file structure_34.tsv (TSV, C-alpha atoms)
chain	number	residue	atom	x	y	z
A	221	MET	CA	182.42	59.43	42.26
A	222	ALA	CA	178.73	60.26	42.28
A	223	ASP	CA	177.44	63.69	41.28
A	224	ASP	CA	173.80	64.66	40.87
A	225	ALA	CA	171.14	66.99	42.25
A	226	PRO	CA	168.23	65.80	44.40
A	227	GLY	CA	164.84	65.02	42.90
A	228	ASP	CA	161.88	62.68	43.25
A	229	ALA	CA	160.98	59.92	40.82
A	230	SER	CA	159.26	56.57	40.72
A	231	ASP	CA	161.20	53.30	40.59
A	232	VAL	CA	162.68	52.08	37.35
A	233	ALA	CA	164.27	48.62	37.16
A	234	PRO	CA	166.05	46.79	34.35
A	235	ASP	CA	163.55	45.59	31.76
A	236	ALA	CA	164.82	42.03	32.00
A	237	ALA	CA	167.71	40.53	33.87
A	238	ALA	CA	168.83	36.95	33.75
A	239	VAL	CA	171.20	35.63	36.39
A	240	ALA	CA	173.44	32.78	35.24
A	241	ASP	CA	176.54	31.70	37.14
A	242	GLY	CA	176.46	35.02	38.99
A	243	VAL	CA	176.49	37.09	35.79
A	244	VAL	CA	173.67	39.50	35.06
A	245	VAL	CA	172.73	39.99	31.44
A	246	ALA	CA	170.56	43.11	31.52
A	247	GLN	CA	168.45	43.59	28.41
A	248	THR	CA	168.36	47.10	27.03
A	249	MET	CA	165.17	48.85	28.05
A	250	GLN	CA	163.17	49.94	25.02
A	251	ARG	CA	159.78	50.39	26.66
A	252	ALA	CA	157.93	53.68	26.53
A	253	ASP	CA	157.98	56.05	29.48
A	254	GLU	CA	155.51	54.52	31.93
A	255	ASP	CA	155.21	57.13	34.67
A	256	GLY	CA	154.79	60.25	32.54
A	257	SER	CA	158.13	61.71	33.66
A	258	GLY	CA	159.54	61.85	30.13
A	259	VAL	CA	162.58	59.79	31.16
A	260	ARG	CA	163.51	56.26	30.09
A	261	ILE	CA	166.42	54.18	31.39
A	262	GLU	CA	168.42	51.95	29.04
A	263	THR	CA	171.47	49.77	29.54
A	264	LEU	CA	174.60	51.56	28.30
A	265	THR	CA	175.77	50.40	24.88
A	266	LEU	CA	178.77	51.30	22.74
A	267	ALA	CA	176.51	53.45	20.54
A	268	ARG	CA	175.77	55.70	23.53
A	269	ILE	CA	179.41	56.19	24.54
A	270	PRO	CA	179.76	59.61	22.78
A	271	GLU	CA	176.85	61.04	24.82
A	272	ASN	CA	178.09	59.27	27.96
A	273	PHE	CA	181.53	60.81	27.37
A	274	ALA	CA	180.08	64.31	26.90
A	275	ILE	CA	178.29	64.16	30.26
A	276	MET	CA	181.47	62.95	31.98
A	277	GLN	CA	183.32	65.88	30.39
A	278	GLU	CA	180.75	68.30	31.84
A	279	PHE	CA	181.05	66.64	35.25
A	280	LEU	CA	184.86	66.71	35.27
A	281	GLY	CA	184.93	70.29	33.95
A	282	SER	CA	183.40	71.47	37.23
A	283	LYS	CA	186.32	69.99	39.21
A	284	HIS	CA	189.73	71.69	39.15
A	285	CYS	CA	192.99	69.96	40.00
A	286	CYS	CA	194.88	72.17	42.48
A	287	CYS	CA	191.93	74.60	42.11
A	288	LEU	CA	193.35	75.63	38.71
A	289	VAL	CA	193.23	73.00	35.96
A	290	PRO	CA	189.83	71.58	34.87
A	291	MET	CA	189.94	67.81	35.21
A	292	ASN	CA	188.42	67.29	31.78
A	293	CYS	CA	191.71	68.56	30.32
A	294	CYS	CA	193.51	65.51	31.64
A	295	CYS	CA	191.03	62.70	30.97
A	296	GLU	CA	191.00	60.11	28.22
A	297	SER	CA	189.61	60.86	24.75
A	298	GLU	CA	186.23	59.70	23.50
A	299	ALA	CA	187.95	57.00	21.44
A	300	ASP	CA	189.85	55.83	24.52
A	301	ALA	CA	186.61	55.75	26.51
A	302	ALA	CA	185.02	53.53	23.85
A	303	ARG	CA	188.01	51.17	23.90
A	304	THR	CA	187.94	50.99	27.70
A	305	PHE	CA	184.22	50.18	27.68
A	306	SER	CA	184.75	47.45	25.07
A	307	LYS	CA	187.47	45.83	27.19
A	308	TRP	CA	185.39	45.68	30.36
A	309	PRO	CA	183.99	42.27	31.33
A	310	LYS	CA	180.42	41.73	30.18
A	311	ASP	CA	179.04	41.76	33.71
A	312	LYS	CA	180.55	45.21	34.39
A	313	ARG	CA	179.12	46.61	31.15
A	314	ALA	CA	175.74	45.28	32.30
A	315	LEU	CA	175.98	47.58	35.35
A	316	GLY	CA	175.96	50.76	33.24
A	317	ALA	CA	172.86	52.68	32.15
A	318	VAL	CA	171.78	55.95	30.58
A	319	ALA	CA	168.71	58.08	31.22
A	320	LEU	CA	167.01	59.32	28.05
A	321	ASP	CA	164.69	62.26	27.47
A	322	THR	CA	161.89	60.44	25.66
A	323	SER	CA	160.95	63.53	23.64
A	324	THR	CA	164.41	63.84	22.07
A	325	ASP	CA	166.03	60.42	22.71
A	326	ARG	CA	168.95	62.39	24.14
A	327	VAL	CA	171.03	61.12	27.07
A	328	ILE	CA	170.53	63.32	30.15
A	329	GLY	CA	172.06	61.12	32.84
A	330	ILE	CA	174.50	58.25	33.27
A	331	ILE	CA	175.42	55.68	35.91
A	332	GLN	CA	178.07	52.99	36.05
A	333	GLY	CA	178.49	50.33	38.69
A	334	ALA	CA	181.45	48.10	39.48
A	335	GLY	CA	181.24	44.77	41.29
A	336	PHE	CA	183.75	42.45	42.92
A	337	GLY	CA	186.71	41.81	40.63
A	338	HIS	CA	185.82	44.62	38.20
A	339	PRO	CA	188.29	47.34	37.22
A	340	CYS	CA	187.55	50.38	39.39
A	341	GLU	CA	189.82	53.36	40.08
A	342	LEU	CA	188.39	54.85	43.30
A	343	HIS	CA	187.27	51.80	45.25
A	344	LYS	CA	187.95	48.08	45.39
A	345	PRO	CA	184.51	46.44	45.69
A	346	LYS	CA	184.28	43.55	48.10
A	347	LYS	CA	182.26	40.41	47.44
A	348	GLY	CA	178.59	41.32	47.48
A	349	GLU	CA	179.22	45.03	46.85
A	350	VAL	CA	178.38	47.17	43.84
A	351	TYR	CA	180.20	50.50	43.81
A	352	VAL	CA	178.69	53.51	42.05
A	353	ASP	CA	181.70	54.27	39.87
A	354	HIS	CA	180.02	57.41	38.57
A	355	LEU	CA	176.58	59.02	38.54
A	356	ALA	CA	176.09	62.25	36.62
A	357	VAL	CA	173.15	64.20	35.24
A	358	THR	CA	173.24	67.08	32.76
A	359	SER	CA	172.90	70.51	34.37
A	360	GLU	CA	169.51	71.20	32.80
A	361	ALA	CA	168.05	67.87	33.96
A	362	ARG	CA	169.08	68.09	37.62
A	363	GLY	CA	166.42	68.21	40.30
A	364	LYS	CA	163.95	66.23	38.16
A	365	GLY	CA	164.45	62.77	39.64
A	366	VAL	CA	166.83	61.47	36.97
A	367	GLY	CA	169.47	60.49	39.53
A	368	THR	CA	166.87	58.59	41.56
A	369	LYS	CA	165.76	56.64	38.51
A	370	LEU	CA	169.35	55.68	37.71
A	371	LEU	CA	170.02	54.59	41.30
A	372	ASN	CA	166.83	52.51	41.29
A	373	TRP	CA	168.00	50.84	38.08
A	374	LEU	CA	171.43	50.01	39.51
A	375	GLU	CA	169.94	48.72	42.77
A	376	ALA	CA	167.68	46.36	40.83
A	377	ALA	CA	170.65	45.16	38.76
A	378	ALA	CA	172.71	44.58	41.93
A	379	ARG	CA	169.89	42.62	43.55
A	380	ALA	CA	169.53	40.49	40.41
A	381	ARG	CA	173.24	39.62	40.69
A	382	GLY	CA	172.76	38.60	44.32
A	383	ASP	CA	174.77	41.53	45.74
A	384	HIS	CA	173.88	42.88	49.17
A	385	THR	CA	175.42	46.37	49.38
A	386	LEU	CA	175.60	49.54	47.27
A	387	VAL	CA	178.57	51.84	47.93
A	388	LEU	CA	179.33	55.34	46.65
A	389	SER	CA	181.74	58.17	47.37
A	390	VAL	CA	180.55	61.77	47.50
A	391	LEU	CA	182.41	65.05	47.96
A	392	ARG	CA	181.37	66.84	51.13
A	393	GLY	CA	179.30	69.89	50.26
A	394	ASN	CA	177.66	68.17	47.30
A	395	PRO	CA	173.89	68.84	47.53
A	396	ALA	CA	173.30	65.37	46.02
A	397	ARG	CA	174.11	63.94	49.45
A	398	ARG	CA	170.48	64.69	50.41
A	399	LEU	CA	169.34	62.42	47.58
A	400	TYR	CA	171.58	59.61	48.78
A	401	LEU	CA	170.30	59.91	52.35
A	402	ARG	CA	166.69	59.75	51.12
A	403	PHE	CA	167.62	56.76	48.99
A	404	GLY	CA	168.79	54.89	52.09
A	405	PHE	CA	172.55	55.44	52.04
A	406	VAL	CA	174.30	55.99	55.37
A	407	SER	CA	177.79	57.26	56.19
A	408	LYS	CA	180.40	55.36	58.12
A	409	LYS	CA	182.86	57.25	60.32
A	410	ALA	CA	186.41	57.15	59.02
A	411	ASP	CA	189.66	57.28	60.95
A	412	PRO	CA	190.63	60.95	61.68
A	413	CYS	CA	194.01	60.50	59.98
A	414	GLU	CA	192.32	59.05	56.90
A	415	GLU	CA	189.87	61.97	56.97
A	416	ALA	CA	192.72	64.51	57.00
A	417	CYS	CA	194.62	62.77	54.20
A	418	GLY	CA	191.39	62.45	52.22
A	419	ALA	CA	190.64	66.16	52.57
A	420	ILE	CA	194.09	67.07	51.23
A	421	PHE	CA	193.77	64.59	48.35
A	422	VAL	CA	190.29	65.81	47.35
A	423	ALA	CA	191.28	69.49	47.51
A	424	THR	CA	194.32	68.75	45.34
A	425	MET	CA	192.48	66.62	42.80
A	426	PHE	CA	189.08	68.31	42.66
A	427	GLY	CA	189.64	71.77	44.14
A	428	ARG	CA	186.67	73.33	45.94
A	429	PRO	CA	183.81	72.72	43.45
A	430	TYR	CA	181.10	73.81	45.90
A	431	GLY	CA	182.78	77.07	46.93
A	432	CYS	CA	185.90	78.00	48.87
A	433	CYS	CA	183.80	78.92	51.91
A	434	ASN	CA	181.84	75.65	51.94
A	435	PRO	CA	182.38	73.98	55.35
A	436	GLY	CA	182.62	70.52	53.77
A	437	TRP	CA	186.11	69.14	53.13
A	438	GLY	CA	187.13	65.84	51.62
A	439	ALA	CA	184.82	63.03	50.65
A	440	GLU	CA	182.90	60.29	52.39
A	441	ASP	CA	181.87	56.76	51.53
A	442	MET	CA	178.18	55.94	51.89
A	443	TYR	CA	176.59	52.50	52.04
A	444	LYS	CA	173.14	51.07	51.42
A	445	SER	CA	172.24	47.57	52.55
A	446	LEU	CA	170.11	45.60	50.08
A	447	ALA	CA	169.32	42.88	52.63

call {"tool": "encode", "arguments": {"input": "structure_34.tsv", "output": "structure tokens"}}
result
Amino acid sequence: MADDAPGDASDVAPDAAAVADGVVVAQTMQRADEDGSGVRIETLTLARIPENFAIMQEFLGSKHCCCLVPMNCCCESEADAARTFSKWPKDKRALGAVALDTSTDRVIGIIQGAGFGHPCELHKPKKGEVYVDHLAVTSEARGKGVGTKLLNWLEAAARARGDHTLVLSVLRGNPARRLYLRFGFVSKKADPCEEACGAIFVATMFGRPYGCCNPGWGAEDMYKSLA
């Protein structure tokens, strides 16, 4: 599930990516901030899992199961998150990145992709797809283009793997949808019965994070062709 606020930023791609037998080995980016934005993107490593976990906790804390229980009360622990990351196949770990504030070296945004055959809870990626498993930015860093930088990074990694489509799911009412539209994502109409079931599922699992009076219900899948 993707969650971020809109913003403008210049492209950032993986520092180096080698494609061998369909596996991308993305080298951690250590270069200085090149566009003056104060943000640097690095491949996610085990050392960054505590900060990655903290941002996911903030993200999940804004969603309430049955509109009552914060979802971060029910998620795995930081130690579990580190074990899960370590068990992922190398090519899935290579699809994760963090955005760093260059003045503090602190993580302010995270993204994780999942390709065909990778473990993924909300979507089963098809061949040639990379699903945005999660995209989140700290509350103080939203609206500054961090989400755009992370999406640019993941798109470059997907292209290096030879994938042709990016996919993400977004809750209706999320203002980040404007970012995804600008980035080239488009929605596909779902079956009305699936829409109704999806709206009930989302309201049960995530509550109404954008306000009870928000006209948006449920979630939608969005696609971007990399052809």

call {"tool": "residues_near_point", "arguments": {"input": "structure_34.tsv", "point": "(176.1, 41.9, 45.8)", "cutoff": "8 Å", "atoms": "only C-alpha atoms", "output": "PyMOL selection string"}}
result
chain A and resi 335+347-350+378-379+381-386

call {"tool": "closest_residue", "arguments": {"input": "structure_34.tsv", "among": "A:Pro270, A:Gly329, A:Pro412, A:Leu342", "to": "Leu371 (chain A)", "atoms": "all atoms listed in the file"}}
result
A:Gly329

call {"tool": "atom_distance", "arguments": {"input": "structure_34.tsv", "atom1": "CA of Ile261 (chain A)", "atom2": "CA of Pro345 (chain A)"}}
result
24.3 Å

call {"tool": "atom_distance", "arguments": {"input": "structure_34.tsv", "atom1": "CA of Val259 (chain A)", "atom2": "CA of Met442 (chain A)"}}
result
26.2 Å

call {"tool": "closest_residue", "arguments": {"input": "structure_34.tsv", "among": "A:Ala314, A:Ala267, A:Ala302, A:Ala274", "to": "Trp373 (chain A)", "atoms": "all atoms listed in the file"}}
result
A:Ala314

call {"tool": "residues_around", "arguments": {"input": "structure_34.tsv", "residues": "Pro309 (chain A)", "least_positions_apart": "6", "cutoff": "10 Å", "atoms": "only C-alpha atoms", "output": "PDB file with C-alpha atoms, in the frame of the given file"}}
result
ATOM      1  CA  GLY A 337     186.710  41.810  40.630  1.00  0.00           C
ATOM      2  CA  HIS A 338     185.820  44.620  38.200  1.00  0.00           C
ATOM      3  CA  PRO A 339     188.290  47.340  37.220  1.00  0.00           C
TER       4      PRO A 339
END

call {"tool": "closest_residue", "arguments": {"input": "structure_34.tsv", "among": "A:Lys310, A:Arg268, A:Arg260, A:Lys444", "to": "Val352 (chain A)", "atoms": "all atoms listed in the file"}}
result
A:Lys444

call {"tool": "closest_residue", "arguments": {"input": "structure_34.tsv", "among": "A:Gly404, A:Gln332, A:Thr304, A:Cys417", "to": "Leu446 (chain A)", "atoms": "only C-alpha atoms"}}
result
A:Gly404

call {"tool": "closest_residue", "arguments": {"input": "structure_34.tsv", "among": "A:Ala377, A:His354, A:Ile275, A:Lys344", "to": "Asp311 (chain A)", "atoms": "all atoms listed in the file"}}
result
A:Ala377

call {"tool": "closest_residue", "arguments": {"input": "structure_34.tsv", "among": "A:Met276, A:Ser407, A:Glu341, A:Leu391", "to": "Leu355 (chain A)", "atoms": "only C-alpha atoms"}}
result
A:Met276

call {"tool": "atom_distance", "arguments": {"input": "structure_34.tsv", "atom1": "CA of Asp353 (chain A)", "atom2": "CA of Ala334 (chain A)"}}
result
6.2 Å

call {"tool": "residues_near_point", "arguments": {"input": "structure_34.tsv", "point": "(167.5, 62.7, 29.5)", "cutoff": "12 Å", "atoms": "all atoms listed in the file", "output": "PyMOL selection string"}}
result
chain A and resi 253+257-262+271-272+275+317-330+356-362+364-367+369-370

call {"tool": "write_last_selection", "arguments": {"input": "structure_34.tsv", "atoms": "C-alpha atoms", "output": "mmCIF file, in the coordinates of the input"}}
result
data_model
loop_
_atom_site.group_PDB
_atom_site.id
_atom_site.type_symbol
_atom_site.label_atom_id
_atom_site.label_comp_id
_atom_site.auth_asym_id
_atom_site.auth_seq_id
_atom_site.Cartn_x
_atom_site.Cartn_y
_atom_site.Cartn_z
ATOM 1 C CA ASP A 253 157.980 56.050 29.480
ATOM 2 C CA SER A 257 158.130 61.710 33.660
ATOM 3 C CA GLY A 258 159.540 61.850 30.130
ATOM 4 C CA VAL A 259 162.580 59.790 31.160
ATOM 5 C CA ARG A 260 163.510 56.260 30.090
ATOM 6 C CA ILE A 261 166.420 54.180 31.390
ATOM 7 C CA GLU A 262 168.420 51.950 29.040
ATOM 8 C CA GLU A 271 176.850 61.040 24.820
ATOM 9 C CA ASN A 272 178.090 59.270 27.960
ATOM 10 C CA ILE A 275 178.290 64.160 30.260
ATOM 11 C CA ALA A 317 172.860 52.680 32.150
ATOM 12 C CA VAL A 318 171.780 55.950 30.580
ATOM 13 C CA ALA A 319 168.710 58.080 31.220
ATOM 14 C CA LEU A 320 167.010 59.320 28.050
ATOM 15 C CA ASP A 321 164.690 62.260 27.470
ATOM 16 C CA THR A 322 161.890 60.440 25.660
ATOM 17 C CA SER A 323 160.950 63.530 23.640
ATOM 18 C CA THR A 324 164.410 63.840 22.070
ATOM 19 C CA ASP A 325 166.030 60.420 22.710
ATOM 20 C CA ARG A 326 168.950 62.390 24.140
ATOM 21 C CA VAL A 327 171.030 61.120 27.070
ATOM 22 C CA ILE A 328 170.530 63.320 30.150
ATOM 23 C CA GLY A 329 172.060 61.120 32.840
ATOM 24 C CA ILE A 330 174.500 58.250 33.270
ATOM 25 C CA ALA A 356 176.090 62.250 36.620
ATOM 26 C CA VAL A 357 173.150 64.200 35.240
ATOM 27 C CA THR A 358 173.240 67.080 32.760
ATOM 28 C CA SER A 359 172.900 70.510 34.370
ATOM 29 C CA GLU A 360 169.510 71.200 32.800
ATOM 30 C CA ALA A 361 168.050 67.870 33.960
ATOM 31 C CA ARG A 362 169.080 68.090 37.620
ATOM 32 C CA LYS A 364 163.950 66.230 38.160
ATOM 33 C CA GLY A 365 164.450 62.770 39.640
ATOM 34 C CA VAL A 366 166.830 61.470 36.970
ATOM 35 C CA GLY A 367 169.470 60.490 39.530
ATOM 36 C CA LYS A 369 165.760 56.640 38.510
ATOM 37 C CA LEU A 370 169.350 55.680 37.710
#

call {"tool": "build_atoms", "arguments": {"input": "structure_34.tsv", "residues": "region 259-274 of chain A", "atoms": "N, CA, C and O atoms", "output": "CSV table (one decimal), keeping the file's coordinate frame"}}
result
chain,number,residue,atom,x,y,z
A,259,VAL,N,161.2,60.4,31.0
A,259,VAL,CA,162.6,59.8,31.2
A,259,VAL,C,162.5,58.3,31.0
A,259,VAL,O,161.6,57.6,31.6
A,260,ARG,N,163.4,57.7,30.3
A,260,ARG,CA,163.5,56.3,30.1
A,260,ARG,C,164.9,55.8,30.4
A,260,ARG,O,165.9,56.5,30.0
A,261,ILE,N,165.1,54.7,31.1
A,261,ILE,CA,166.4,54.2,31.4
A,261,ILE,C,166.7,53.0,30.5
A,261,ILE,O,165.9,52.1,30.3
A,262,GLU,N,167.9,53.0,29.9
A,262,GLU,CA,168.4,52.0,29.0
A,262,GLU,C,169.8,51.5,29.5
A,262,GLU,O,170.6,52.3,30.0
A,263,THR,N,170.1,50.3,29.3
A,263,THR,CA,171.5,49.8,29.5
A,263,THR,C,172.4,50.5,28.6
A,263,THR,O,172.1,50.7,27.4
A,264,LEU,N,173.6,50.9,29.1
A,264,LEU,CA,174.6,51.6,28.3
A,264,LEU,C,175.1,50.6,27.2
A,264,LEU,O,175.5,49.5,27.5
A,265,THR,N,175.2,51.1,26.0
A,265,THR,CA,175.8,50.4,24.9
A,265,THR,C,176.9,51.2,24.2
A,265,THR,O,177.0,52.4,24.5
A,266,LEU,N,177.7,50.6,23.4
A,266,LEU,CA,178.8,51.3,22.7
A,266,LEU,C,178.3,52.5,21.9
A,266,LEU,O,178.9,53.5,21.8
A,267,ALA,N,177.1,52.4,21.4
A,267,ALA,CA,176.5,53.4,20.5
A,267,ALA,C,176.2,54.7,21.4
A,267,ALA,O,176.2,55.8,20.8
A,268,ARG,N,176.1,54.6,22.7
A,268,ARG,CA,175.8,55.7,23.5
A,268,ARG,C,177.0,56.3,24.2
A,268,ARG,O,176.9,57.3,24.9
A,269,ILE,N,178.2,55.7,23.9
A,269,ILE,CA,179.4,56.2,24.5
A,269,ILE,C,179.7,57.7,24.2
A,269,ILE,O,180.1,58.4,25.1
A,270,PRO,N,179.5,58.2,23.0
A,270,PRO,CA,179.8,59.6,22.8
A,270,PRO,C,179.0,60.5,23.7
A,270,PRO,O,179.5,61.5,24.2
A,271,GLU,N,177.7,60.2,23.9
A,271,GLU,CA,176.8,61.0,24.8
A,271,GLU,C,177.3,60.8,26.3
A,271,GLU,O,177.3,61.8,27.1
A,272,ASN,N,177.6,59.6,26.6
A,272,ASN,CA,178.1,59.3,28.0
A,272,ASN,C,179.4,60.1,28.2
A,272,ASN,O,179.5,60.7,29.3
A,273,PHE,N,180.3,60.1,27.2
A,273,PHE,CA,181.5,60.8,27.4
A,273,PHE,C,181.3,62.3,27.5
A,273,PHE,O,182.0,63.0,28.4
A,274,ALA,N,180.4,62.9,26.8
A,274,ALA,CA,180.1,64.3,26.9
A,274,ALA,C,179.6,64.7,28.3
A,274,ALA,O,180.0,65.8,28.8
